[in-house]
file my_file19.cif (mmCIF, C-alpha atoms)
data_data
loop_
_atom_site.label_atom_id
_atom_site.label_comp_id
_atom_site.auth_asym_id
_atom_site.auth_seq_id
_atom_site.Cartn_x
_atom_site.Cartn_y
_atom_site.Cartn_z
CA MET B 22 63.63 185.53 92.09
CA SER B 23 64.17 181.90 91.26
CA ILE B 24 64.59 179.23 93.83
CA ASP B 25 66.81 176.18 93.23
CA LYS B 26 64.85 173.24 94.57
CA THR B 27 67.72 170.79 94.14
CA SER B 28 69.48 170.07 97.41
CA THR B 29 72.74 168.23 97.80
CA THR B 30 74.23 165.85 100.29
CA PRO B 31 77.44 166.65 102.13
CA ALA B 32 79.28 164.72 99.44
CA GLY B 33 77.88 167.07 96.82
CA GLU B 34 75.48 164.53 95.24
CA PRO B 35 71.81 165.39 94.59
CA ALA B 36 69.52 164.47 97.44
CA VAL B 37 66.55 162.17 96.93
CA GLU B 38 63.21 163.78 97.75
CA ASN B 39 61.56 160.45 98.65
CA PRO B 40 64.20 158.05 100.00
CA GLU B 41 61.58 155.46 101.03
CA ALA B 42 60.27 155.13 97.47
CA ALA B 43 63.78 155.09 96.08
CA SER B 44 64.83 152.25 98.35
CA ALA B 45 61.78 150.23 97.32
CA ALA B 46 62.33 150.78 93.60
CA VAL B 47 63.23 147.70 91.57
CA PRO B 48 66.08 148.20 89.10
CA THR B 49 65.33 147.49 85.45
CA VAL B 50 66.58 144.06 84.38
CA ASP B 51 66.84 142.80 80.82
CA PRO B 52 64.18 140.05 80.43
CA ARG B 53 66.70 137.91 78.55
CA LEU B 54 68.84 137.77 81.68
CA LEU B 55 65.88 136.62 83.77
CA VAL B 56 65.03 133.93 81.25
CA ARG B 57 68.53 132.49 81.30
CA GLU B 58 68.78 132.64 85.09
CA GLN B 59 65.58 130.61 85.41
CA GLY B 60 66.90 127.78 83.23
CA PHE B 61 64.47 125.58 81.28
CA ALA B 62 61.41 127.04 83.00
CA GLY B 63 62.55 130.49 81.94
CA TYR B 64 62.71 129.47 78.29
CA VAL B 65 59.25 127.93 78.46
CA GLY B 66 57.90 131.15 79.92
CA GLU B 67 59.69 133.20 77.26
CA PHE B 68 58.20 130.98 74.54
CA LYS B 69 54.68 131.51 75.91
CA ARG B 70 55.26 135.26 76.13
CA LYS B 71 56.40 135.39 72.50
CA MET B 72 53.37 133.39 71.37
CA LYS B 73 51.01 135.77 73.15
CA ALA B 74 52.79 138.75 71.66
CA GLY B 75 52.59 137.32 68.15
CA ASP B 76 56.34 136.76 67.84
CA LEU B 77 56.01 133.44 66.00
CA GLY B 78 59.30 133.55 64.09
CA SER B 79 59.85 130.56 61.79
CA LEU B 80 57.70 128.22 63.87
CA PRO B 81 54.61 128.16 61.59
CA VAL B 82 56.57 127.33 58.44
CA VAL B 83 58.69 124.67 60.17
CA VAL B 84 55.60 122.99 61.60
CA GLY B 85 53.86 123.30 58.22
CA LEU B 86 56.84 121.74 56.42
CA LEU B 87 56.91 118.80 58.82
CA ILE B 88 53.17 118.27 58.32
CA ILE B 89 53.59 118.38 54.52
CA TRP B 90 56.39 115.82 54.66
CA ALA B 91 54.39 113.57 56.99
CA ILE B 92 51.32 113.66 54.72
CA PHE B 93 53.18 112.94 51.48
CA THR B 94 55.31 110.24 53.10
CA SER B 95 52.17 108.49 54.34
CA LEU B 96 50.71 108.70 50.82
CA ASN B 97 53.86 107.58 49.02
CA SER B 98 56.88 105.98 50.67
CA ASN B 99 59.12 107.26 47.87
CA PHE B 100 58.64 110.90 48.86
CA LEU B 101 61.52 111.15 51.34
CA THR B 102 63.82 108.64 49.71
CA ALA B 103 67.41 109.74 49.16
CA GLY B 104 66.94 110.15 45.41
CA ASN B 105 63.78 112.25 45.64
CA PHE B 106 65.16 114.36 48.49
CA SER B 107 68.33 115.06 46.49
CA ASP B 108 66.31 115.97 43.39
CA MET B 109 64.13 118.34 45.42
CA SER B 110 67.22 119.96 46.92
CA VAL B 111 68.67 120.71 43.49
CA ALA B 112 65.32 121.82 42.04
CA MET B 113 64.78 124.38 44.79
CA VAL B 114 68.03 126.28 44.16
CA GLY B 115 66.90 128.26 41.09
CA THR B 116 63.70 129.47 42.73
CA GLY B 117 65.45 129.90 46.07
CA MET B 118 68.18 132.13 44.64
CA ILE B 119 65.61 134.51 43.17
CA ALA B 120 63.63 134.42 46.41
CA VAL B 121 66.74 135.63 48.28
CA GLY B 122 66.68 138.80 46.17
CA ILE B 123 62.95 139.17 46.78
CA VAL B 124 63.60 139.06 50.54
CA PHE B 125 65.77 142.18 50.23
CA VAL B 126 62.98 144.00 48.38
CA LEU B 127 60.27 142.86 50.80
CA LEU B 128 62.33 144.12 53.72
CA LEU B 129 61.82 147.61 52.25
CA GLY B 130 58.10 146.96 52.13
CA GLU B 131 58.16 146.91 48.31
CA ILE B 132 57.71 144.29 45.58
CA ASP B 133 59.58 143.34 42.41
CA LEU B 134 57.45 141.71 39.70
CA SER B 135 60.22 141.65 37.11
CA VAL B 136 62.50 139.00 38.61
CA GLY B 137 60.97 136.14 36.61
CA SER B 138 61.56 137.89 33.29
CA VAL B 139 65.02 139.06 34.36
CA SER B 140 65.96 135.47 35.20
CA GLY B 141 64.86 134.41 31.73
CA VAL B 142 66.92 137.18 30.15
CA ALA B 143 70.01 136.05 32.06
CA GLY B 144 69.66 132.48 30.84
CA ALA B 145 69.02 133.64 27.27
CA THR B 146 71.97 136.07 27.38
CA PHE B 147 74.33 133.33 28.49
CA ALA B 148 73.08 130.91 25.85
CA VAL B 149 73.34 133.44 23.01
CA LEU B 150 76.82 134.59 24.01
CA SER B 151 78.35 131.20 24.76
CA VAL B 152 76.56 128.92 22.27
CA THR B 153 75.58 131.15 19.37
CA HIS B 154 78.61 133.47 19.42
CA GLY B 155 81.16 131.12 20.97
CA MET B 156 82.18 133.39 23.85
CA ASN B 157 84.12 131.96 26.78
CA GLU B 158 81.57 130.50 29.20
CA ILE B 159 82.97 132.21 32.30
CA LEU B 160 82.84 135.61 30.62
CA ALA B 161 79.36 134.91 29.29
CA LEU B 162 78.24 133.90 32.78
CA VAL B 163 79.58 137.13 34.30
CA LEU B 164 77.89 139.25 31.61
CA ALA B 165 74.60 137.38 32.13
CA VAL B 166 74.69 138.11 35.87
CA LEU B 167 75.57 141.76 35.23
CA THR B 168 72.54 141.95 32.94
CA GLY B 169 70.36 141.25 35.95
CA THR B 170 72.26 143.75 38.08
CA VAL B 171 71.79 146.52 35.51
CA ALA B 172 68.11 145.70 35.05
CA GLY B 173 67.49 145.79 38.80
CA ALA B 174 69.43 149.03 39.24
CA LEU B 175 67.38 150.61 36.44
CA HIS B 176 64.15 149.64 38.18
CA GLY B 177 65.48 150.99 41.47
CA PHE B 178 66.53 154.28 39.88
CA VAL B 179 63.09 154.90 38.39
CA PHE B 180 61.48 153.99 41.71
CA ALA B 181 63.82 155.97 43.99
CA LYS B 182 64.67 159.02 41.91
CA ILE B 183 61.56 159.57 39.81
CA GLY B 184 59.07 158.33 42.38
CA VAL B 185 57.18 155.80 40.27
CA PRO B 186 55.71 153.05 42.53
CA ALA B 187 57.81 149.89 42.57
CA PHE B 188 54.78 147.84 41.55
CA ALA B 189 54.32 149.83 38.34
CA VAL B 190 58.04 150.00 37.52
CA THR B 191 58.63 146.28 37.91
CA LEU B 192 55.38 145.37 36.16
CA ALA B 193 56.62 147.35 33.15
CA GLY B 194 59.98 145.61 33.58
CA LEU B 195 58.26 142.23 33.54
CA LEU B 196 56.79 142.95 30.11
CA PHE B 197 59.89 144.67 28.70
CA TRP B 198 62.40 142.00 29.74
CA GLN B 199 60.13 139.19 28.62
CA GLY B 200 59.95 140.78 25.18
CA PHE B 201 63.72 141.33 25.22
CA MET B 202 64.27 137.64 26.01
CA LEU B 203 62.07 136.56 23.12
CA GLN B 204 63.91 138.94 20.82
CA ILE B 205 67.43 137.68 21.57
CA LEU B 206 66.40 134.02 21.46
CA GLY B 207 65.16 134.50 17.93
CA SER B 208 62.61 132.54 15.95
CA ASN B 209 63.85 129.16 17.14
CA GLY B 210 63.02 130.05 20.73
CA THR B 211 65.31 127.45 22.32
CA ILE B 212 69.08 127.20 22.65
CA ASN B 213 70.51 124.01 24.12
CA LEU B 214 73.46 124.34 26.48
CA ASP B 215 76.67 122.34 26.41
CA ALA B 216 76.07 119.40 28.75
CA ASP B 217 79.67 119.59 29.96
CA GLY B 218 79.75 123.38 30.22
CA VAL B 219 80.02 125.54 33.34
CA VAL B 220 76.34 126.42 33.64
CA ALA B 221 75.12 122.90 32.88
CA GLN B 222 77.37 121.59 35.65
CA LEU B 223 75.74 123.87 38.22
CA THR B 224 72.91 121.39 38.77
CA SER B 225 74.37 118.19 37.35
CA TYR B 226 77.61 118.00 39.32
CA TYR B 227 77.77 116.04 42.58
CA PHE B 228 80.63 115.56 45.01
CA SER B 229 80.57 111.77 45.04
CA ASP B 230 83.13 111.40 47.83
CA VAL B 231 81.23 110.87 51.09
CA ALA B 232 83.77 113.10 52.84
CA ALA B 233 82.36 116.14 51.00
CA ALA B 234 78.89 115.97 52.56
CA TYR B 235 80.24 115.14 56.01
CA GLY B 236 82.89 117.84 55.66
CA LEU B 237 80.23 120.45 54.86
CA ALA B 238 78.22 119.30 57.88
CA ILE B 239 81.29 119.77 60.07
CA VAL B 240 82.01 123.21 58.60
CA VAL B 241 78.42 124.37 59.12
CA THR B 242 78.30 123.08 62.70
CA ALA B 243 81.72 124.41 63.67
CA GLY B 244 81.01 127.74 61.96
CA TYR B 245 77.82 128.20 63.92
CA PHE B 246 79.46 127.31 67.24
CA LEU B 247 82.46 129.59 66.74
CA THR B 248 80.30 132.48 65.55
CA ALA B 249 77.94 132.17 68.52
CA PHE B 250 80.78 131.65 70.99
CA PHE B 251 82.88 134.65 69.97
CA ASP B 252 79.79 136.83 69.55
CA ASN B 253 78.84 136.00 73.14
CA ARG B 254 82.33 136.87 74.34
CA ARG B 255 82.12 140.27 72.66
CA ARG B 256 78.69 140.90 74.17
CA ALA B 257 79.83 139.82 77.64
CA ALA B 258 82.88 142.08 77.40
CA VAL B 259 80.67 145.16 77.04
CA GLY B 260 78.03 144.03 79.53
CA VAL B 261 75.37 143.10 76.98
CA PRO B 262 73.14 140.06 77.75
CA SER B 263 74.37 136.91 76.03
CA ARG B 264 73.52 133.23 75.82
CA PRO B 265 75.16 130.88 78.33
CA LEU B 266 77.62 128.34 76.95
CA SER B 267 75.23 125.49 77.72
CA GLU B 268 72.60 126.97 75.40
CA ILE B 269 75.11 127.40 72.60
CA ILE B 270 76.18 123.77 72.99
CA VAL B 271 72.58 122.54 72.87
CA ARG B 272 71.86 124.58 69.72
CA THR B 273 75.08 123.33 68.12
CA VAL B 274 74.22 119.69 68.87
CA LEU B 275 70.75 120.09 67.33
CA LEU B 276 72.25 121.69 64.22
CA ALA B 277 74.86 118.92 64.01
CA VAL B 278 72.17 116.23 64.13
CA LEU B 279 70.26 117.94 61.31
CA ALA B 280 73.37 118.62 59.20
CA PHE B 281 74.72 115.06 59.46
CA ALA B 282 71.27 113.57 58.80
CA VAL B 283 71.09 115.52 55.53
CA ALA B 284 74.66 114.48 54.69
CA ILE B 285 73.78 110.82 55.20
CA VAL B 286 70.79 111.17 52.86
CA PHE B 287 72.88 112.85 50.16
CA ASN B 288 75.55 110.15 50.37
CA GLN B 289 72.95 107.45 49.86
CA TYR B 290 72.29 108.83 46.37
CA LYS B 291 74.87 110.61 44.17
CA GLY B 292 76.60 112.62 46.87
CA LEU B 293 76.60 116.29 47.78
CA PRO B 294 75.07 118.47 45.01
CA LEU B 295 77.18 121.44 43.94
CA ALA B 296 74.01 123.53 43.60
CA VAL B 297 73.18 123.08 47.29
CA VAL B 298 76.69 124.13 48.35
CA ILE B 299 76.46 127.33 46.30
CA PHE B 300 72.98 128.10 47.60
CA LEU B 301 74.01 127.67 51.23
CA ALA B 302 77.07 129.87 50.65
CA PHE B 303 74.90 132.68 49.25
CA LEU B 304 72.44 132.32 52.14
CA ALA B 305 75.24 132.62 54.69
CA LEU B 306 76.74 135.61 52.89
CA THR B 307 73.48 137.53 52.56
CA ASP B 308 72.50 136.74 56.16
CA PHE B 309 75.84 138.20 57.29
CA VAL B 310 75.23 141.33 55.19
CA LEU B 311 71.76 141.88 56.61
CA ARG B 312 72.48 141.14 60.27
CA ARG B 313 76.12 142.13 60.71
CA THR B 314 76.70 145.20 58.56
CA ALA B 315 75.60 148.82 58.66
CA TYR B 316 74.13 148.41 55.18
CA GLY B 317 71.86 145.61 56.38
CA ARG B 318 70.66 147.69 59.32
CA LYS B 319 69.81 150.50 56.91
CA ILE B 320 67.60 148.14 54.92
CA TYR B 321 65.70 147.11 58.05
CA ALA B 322 65.43 150.76 59.09
CA LEU B 323 63.87 151.73 55.75
CA GLY B 324 61.38 148.90 56.10
CA GLY B 325 60.39 150.26 59.49
CA SER B 326 60.07 153.93 58.55
CA VAL B 327 61.37 155.76 55.50
CA GLU B 328 60.99 159.20 57.03
CA ALA B 329 62.75 158.23 60.27
CA SER B 330 65.57 156.70 58.22
CA ARG B 331 65.94 159.85 56.16
CA ARG B 332 66.11 161.99 59.30
CA ALA B 333 68.74 159.62 60.69
CA GLY B 334 70.97 160.47 57.75
CA ILE B 335 70.47 157.34 55.66
CA ASN B 336 70.75 157.83 51.90
CA VAL B 337 67.31 156.40 51.14
CA ASP B 338 67.60 156.59 47.35
CA LEU B 339 70.98 154.84 47.26
CA VAL B 340 69.79 152.00 49.50
CA ARG B 341 66.65 151.52 47.41
CA ILE B 342 68.57 151.42 44.13
CA SER B 343 71.12 148.99 45.56
CA VAL B 344 68.41 146.67 46.91
CA PHE B 345 66.70 146.41 43.53
CA ALA B 346 70.12 145.84 41.94
CA ILE B 347 70.66 142.97 44.39
CA ALA B 348 67.26 141.54 43.50
CA GLY B 349 68.14 141.71 39.80
CA THR B 350 71.49 140.05 40.44
CA PHE B 351 69.95 137.14 42.30
CA ALA B 352 67.26 136.87 39.62
CA ALA B 353 70.02 136.43 37.04
CA ILE B 354 71.87 133.87 39.17
CA GLY B 355 68.65 131.96 39.73
CA GLY B 356 67.91 132.12 36.00
CA LEU B 357 71.23 130.44 35.26
CA PHE B 358 70.38 127.63 37.68
CA VAL B 359 66.98 127.20 36.03
CA ALA B 360 68.64 127.06 32.60
CA SER B 361 71.13 124.54 33.99
CA LYS B 362 68.32 122.31 35.30
CA ILE B 363 66.68 122.03 31.86
CA ALA B 364 70.02 122.30 29.98
CA SER B 365 68.65 125.04 27.72
CA ALA B 366 67.38 128.58 27.46
CA ASN B 367 63.87 128.82 26.06
CA GLN B 368 60.96 131.22 25.68
CA GLY B 369 59.11 129.77 28.66
CA ALA B 370 61.82 130.66 31.18
CA GLY B 371 60.58 132.86 34.03
CA THR B 372 56.97 132.84 32.81
CA GLY B 373 53.76 131.29 34.06
CA GLU B 374 53.58 130.50 37.75
CA PHE B 375 57.34 130.91 38.25
CA LEU B 376 57.14 134.51 39.50
CA MET B 377 54.37 133.67 41.94
CA ASN B 378 56.36 130.72 43.30
CA VAL B 379 59.37 132.98 43.90
CA ILE B 380 57.37 135.60 45.80
CA ALA B 381 55.44 132.89 47.64
CA ALA B 382 58.70 131.25 48.74
CA ALA B 383 59.93 134.47 50.36
CA VAL B 384 56.60 135.21 52.06
CA ILE B 385 55.85 131.64 53.14
CA GLY B 386 59.33 131.44 54.65
CA GLY B 387 58.49 134.25 57.06
CA THR B 388 59.46 137.55 55.41
CA SER B 389 56.79 140.15 56.11
CA LEU B 390 54.95 141.86 53.26
CA PHE B 391 54.83 144.98 55.44
CA GLY B 392 58.61 145.40 55.49
CA GLY B 393 61.22 145.48 58.23
CA ARG B 394 61.01 141.81 59.23
CA GLY B 395 62.61 138.78 57.64
CA ARG B 396 65.86 136.95 56.88
CA THR B 397 67.36 135.44 53.77
CA TRP B 398 67.10 132.01 55.41
CA ASP B 399 63.34 132.49 55.01
CA ALA B 400 63.87 131.87 51.30
CA LEU B 401 65.23 128.41 52.09
CA LEU B 402 62.27 127.47 54.27
CA GLY B 403 59.74 128.89 51.83
CA VAL B 404 61.16 127.23 48.74
CA MET B 405 61.32 123.92 50.60
CA VAL B 406 57.58 124.20 51.20
CA ILE B 407 56.88 125.07 47.54
CA ILE B 408 59.06 122.31 46.08
CA SER B 409 57.79 119.74 48.59
CA ILE B 410 54.21 120.43 47.55
CA GLN B 411 55.09 120.23 43.85
CA TYR B 412 57.02 116.97 44.13
CA GLY B 413 54.55 115.41 46.53
CA LEU B 414 51.58 116.11 44.28
CA ALA B 415 53.55 115.00 41.21
CA LEU B 416 54.22 111.63 42.87
CA GLN B 417 50.49 111.29 43.40
CA GLY B 418 49.83 112.12 39.75
CA ILE B 419 47.79 115.22 40.65
CA ALA B 420 47.47 117.78 37.86
CA SER B 421 48.96 121.27 37.89
CA PRO B 422 45.67 123.11 38.56
CA VAL B 423 45.41 121.43 41.95
CA GLN B 424 49.06 122.30 42.66
CA TYR B 425 48.28 125.96 41.98
CA MET B 426 45.26 125.91 44.27
CA ILE B 427 47.13 124.27 47.14
CA THR B 428 50.12 126.58 46.79
CA GLY B 429 47.77 129.57 46.68
CA GLY B 430 46.02 128.37 49.81
CA VAL B 431 49.32 128.00 51.66
CA LEU B 432 50.37 131.49 50.55
CA LEU B 433 47.06 132.99 51.70
CA ALA B 434 47.36 131.28 55.07
CA THR B 435 50.90 132.66 55.46
CA VAL B 436 49.83 136.21 54.62
CA VAL B 437 46.92 135.97 57.06
CA ILE B 438 49.31 134.78 59.79
CA ASP B 439 51.66 137.66 58.94
CA ALA B 440 48.84 140.21 59.18
CA VAL B 441 47.47 138.78 62.43
CA THR B 442 50.97 138.60 63.89
CA ARG B 443 51.63 142.23 63.03
CA LYS B 444 48.33 143.29 64.59
CA THR B 445 49.05 141.26 67.73
CA GLN B 446 52.52 142.78 68.04
CA LYS B 447 51.09 146.28 67.77
CA THR B 448 48.58 145.46 70.50
CA ALA B 449 51.41 144.15 72.67
CA GLY B 450 53.52 147.23 71.91
CA ARG B 451 56.20 145.24 70.07
CA ALA B 452 55.73 146.63 66.54
#
call {"tool": "encode", "arguments": {"input": "my_file19.cif", "output": "structure tokens"}}
result
Amino acid sequence: MSIDKTSTTPAGEPAVENPEAASAAVPTVDPRLLVREQGFAGYVGEFKRKMKAGDLGSLPVVVGLLIIWAIFTSLNSNFLTAGNFSDMSVAMVGTGMIAVGIVFVLLLGEIDLSVGSVSGVAGATFAVLSVTHGMNEILALVLAVLTGTVAGALHGFVFAKIGVPAFAVTLAGLLFWQGFMLQILGSNGTINLDADGVVAQLTSYYFSDVAAAYGLAIVVTAGYFLTAFFDNRRRAAVGVPSRPLSEIIVRTVLLAVLAFAVAIVFNQYKGLPLAVVIFLAFLALTDFVLRRTAYGRKIYALGGSVEASRRAGINVDLVRISVFAIAGTFAAIGGLFVASKIASANQGAGTGEFLMNVIAAAVIGGTSLFGGRGRTWDALLGVMVIISIQYGLALQGIASPVQYMITGGVLLATVVIDAVTRKTQKTAGRA
């Protein structure tokens, strides 16, 4: 005989066995609500809590970048001049584009060693088609980018379907595509691009009208405010914690100050570089894909746990193949910017330290090597660090070996911080 121990009140609702304890219970409150109710002191407390839990975010790289700029400016007053700043901004786009693709791969917890060679193949493919064979430049550009997409998808297929480790697949791809590039360039080894052509203009064209730089600053600032404002309205409508309007305004003002400061610097030289506009557009697009779409959430899920993702119904193989295809695509786009910067396609493209700089840019920017944590904006921060070190040392006349050692040291420090942060988060129960 079973006995039902659940009693009910006259209204038919379950009775509470210990009403005293129930009345003393404190309802669960989202910590973000407490922070915002406490005002400035709440944000200070939240910042301390995140530091103790190892949730450093982009803080280390931002502080490091400011220190690098301060050191090189003290050593050479020309470091942060308008001309040098503009040149650094254009120079970082090629490496930064490829680093964006690497961020996607790192989010899976994998690595792609072929992107340097793939970028060289894209530049060589465009040069051979447009210069040697006289193909329309737009068509040649599209085919060059698709070359990278196909190469990346091939790597992803071998990795996802056959089960060969990504390291081995892309290492083989590095060698194969480098040989393929040398083959199509021929014995001459260098093909000069048309100085007035589409690809050459990618890094040589500037919007000289001052309204262009200021207009972009306005668009960026207004875009951020509207996105944050309407996102908060949607969250508030469904009862999800959201930022107060005052916080959004403060963040928007800070972004506006930064955006207009950069615009002023650009306008003191040649104007707004086309390369920077394209790079920022790709960063915004990829950030939207990762943070606002189901596909992006699947990538983060795979980086957290492949088995859990598979049990949740995610097509693991398809996501993996598509991510490597994205990495190949951005490698090709970056390769075209590199070819544009030197106005030629040559045998040295994508070789040497280039691959290491690309991977270092993604990691230094804050993307975790362990997968599941990072943003495409990390590529921007990381490549700014890399290019700043290169240009700063070049102004001092310091040889390349020292540049390699310093860049390697910065990369090691970043990886150590990443590992310590991950360990701290696990200890705090946040990983």
call {"tool": "closest_residue", "arguments": {"input": "my_file19.cif", "among": "B:Asp252, B:Asp338, B:Glu374, B:Asp108", "to": "Pro294 (chain B)", "atoms": "all atoms listed in the file"}}
result
B:Asp108
call {"tool": "residues_around", "arguments": {"input": "my_file19.cif", "residues": "Leu162 (chain B)", "least_positions_apart": "4", "cutoff": "10 Å", "atoms": "all atoms listed in the file", "output": "list in words"}}
result
Ala143, Gly144, Thr146, Phe147, Ala148, Leu150, Ser151, Met156, Asn157, Glu158, Val166, Leu167, Thr168, Val219, Val220, Ala353, Ile354 and Leu357 of chain B
call {"tool": "atom_distance", "arguments": {"input": "my_file19.cif", "atom1": "CA of Leu376 (chain B)", "atom2": "CA of Ala103 (chain B)"}}
result
28.5 Å
call {"tool": "residues_around", "arguments": {"input": "my_file19.cif", "residues": "region 398-410 of chain B", "least_positions_apart": "3", "cutoff": "6 Å", "atoms": "all atoms listed in the file", "output": "PyMOL selection string"}}
result
chain B and resi 86+117+120-121+382-383+385-387+413
call {"tool": "write_last_selection", "arguments": {"input": "my_file19.cif", "atoms": "C-alpha atoms", "output": "short mmCIF file (atom, residue, chain, number, x, y, z; two decimals), in the frame of the given file"}}
result
data_model
loop_
_atom_site.label_atom_id
_atom_site.label_comp_id
_atom_site.auth_asym_id
_atom_site.auth_seq_id
_atom_site.Cartn_x
_atom_site.Cartn_y
_atom_site.Cartn_z
CA LEU B 86 56.84 121.74 56.42
CA GLY B 117 65.45 129.90 46.07
CA ALA B 120 63.63 134.42 46.41
CA VAL B 121 66.74 135.63 48.28
CA ALA B 382 58.70 131.25 48.74
CA ALA B 383 59.93 134.47 50.36
CA ILE B 385 55.85 131.64 53.14
CA GLY B 386 59.33 131.44 54.65
CA GLY B 387 58.49 134.25 57.06
CA GLY B 413 54.55 115.41 46.53
#
call {"tool": "resolve_selection", "arguments": {"input": "my_file19.cif", "expression": "the PyMOL selection byres ((chain B and resi 227) around 9)", "output": "NGL selection string"}}
result
:B and (222 or 224-226 or 228-230 or 291-296)
call {"tool": "resolve_selection", "arguments": {"input": "my_file19.cif", "expression": "the PyMOL selection byres ((chain B and resi 366-368) around 7)", "output": "list in words"}}
result
Gly144, Ala145, Ala148, Leu203, Gly210, Thr211, Ile212, Asn213, Ala360, Ser365, Gly369 and Ala370 of chain B
call {"tool": "resolve_selection", "arguments": {"input": "my_file19.cif", "expression": "the PyMOL selection byres ((chain B and resi 91-100) around 9)", "output": "ChimeraX atom specification"}}
result
/B:86-90,101-106,409-410,412-414,416-417
call {"tool": "closest_residue", "arguments": {"input": "my_file19.cif", "among": "B:Gly141, B:Gly236, B:Pro81, B:Gly325", "to": "Ala352 (chain B)", "atoms": "all atoms listed in the file"}}
result
B:Gly141
call {"tool": "atom_distance", "arguments": {"input": "my_file19.cif", "atom1": "CA of Phe178 (chain B)", "atom2": "CA of Arg341 (chain B)"}}
result
8.0 Å
call {"tool": "residues_around", "arguments": {"input": "my_file19.cif", "residues": "Gly194 (chain B)", "least_positions_apart": "4", "cutoff": "8 Å", "atoms": "all atoms listed in the file", "output": "PyMOL selection string"}}
result
chain B and resi 134-135+138+176+190+198
call {"tool": "atom_distance", "arguments": {"input": "my_file19.cif", "atom1": "CA of Leu311 (chain B)", "atom2": "CA of Gly395 (chain B)"}}
result
9.7 Å
call {"tool": "closest_residue", "arguments": {"input": "my_file19.cif", "among": "B:Val171, B:Ala258, B:Leu223, B:Ala181", "to": "Glu131 (chain B)", "atoms": "only C-alpha atoms"}}
result
B:Ala181
call {"tool": "closest_residue", "arguments": {"input": "my_file19.cif", "among": "B:Ile320, B:Val431, B:Ala315, B:Val142", "to": "Leu164 (chain B)", "atoms": "only C-alpha atoms"}}
result
B:Val142
call {"tool": "closest_residue", "arguments": {"input": "my_file19.cif", "among": "B:Ala193, B:Val82, B:Val240, B:Ile285", "to": "Ser107 (chain B)", "atoms": "all atoms listed in the file"}}
result
B:Ile285
call {"tool": "closest_residue", "arguments": {"input": "my_file19.cif", "among": "B:Val261, B:Ile380, B:Ala284, B:Val271", "to": "Val231 (chain B)", "atoms": "all atoms listed in the file"}}
result
B:Ala284
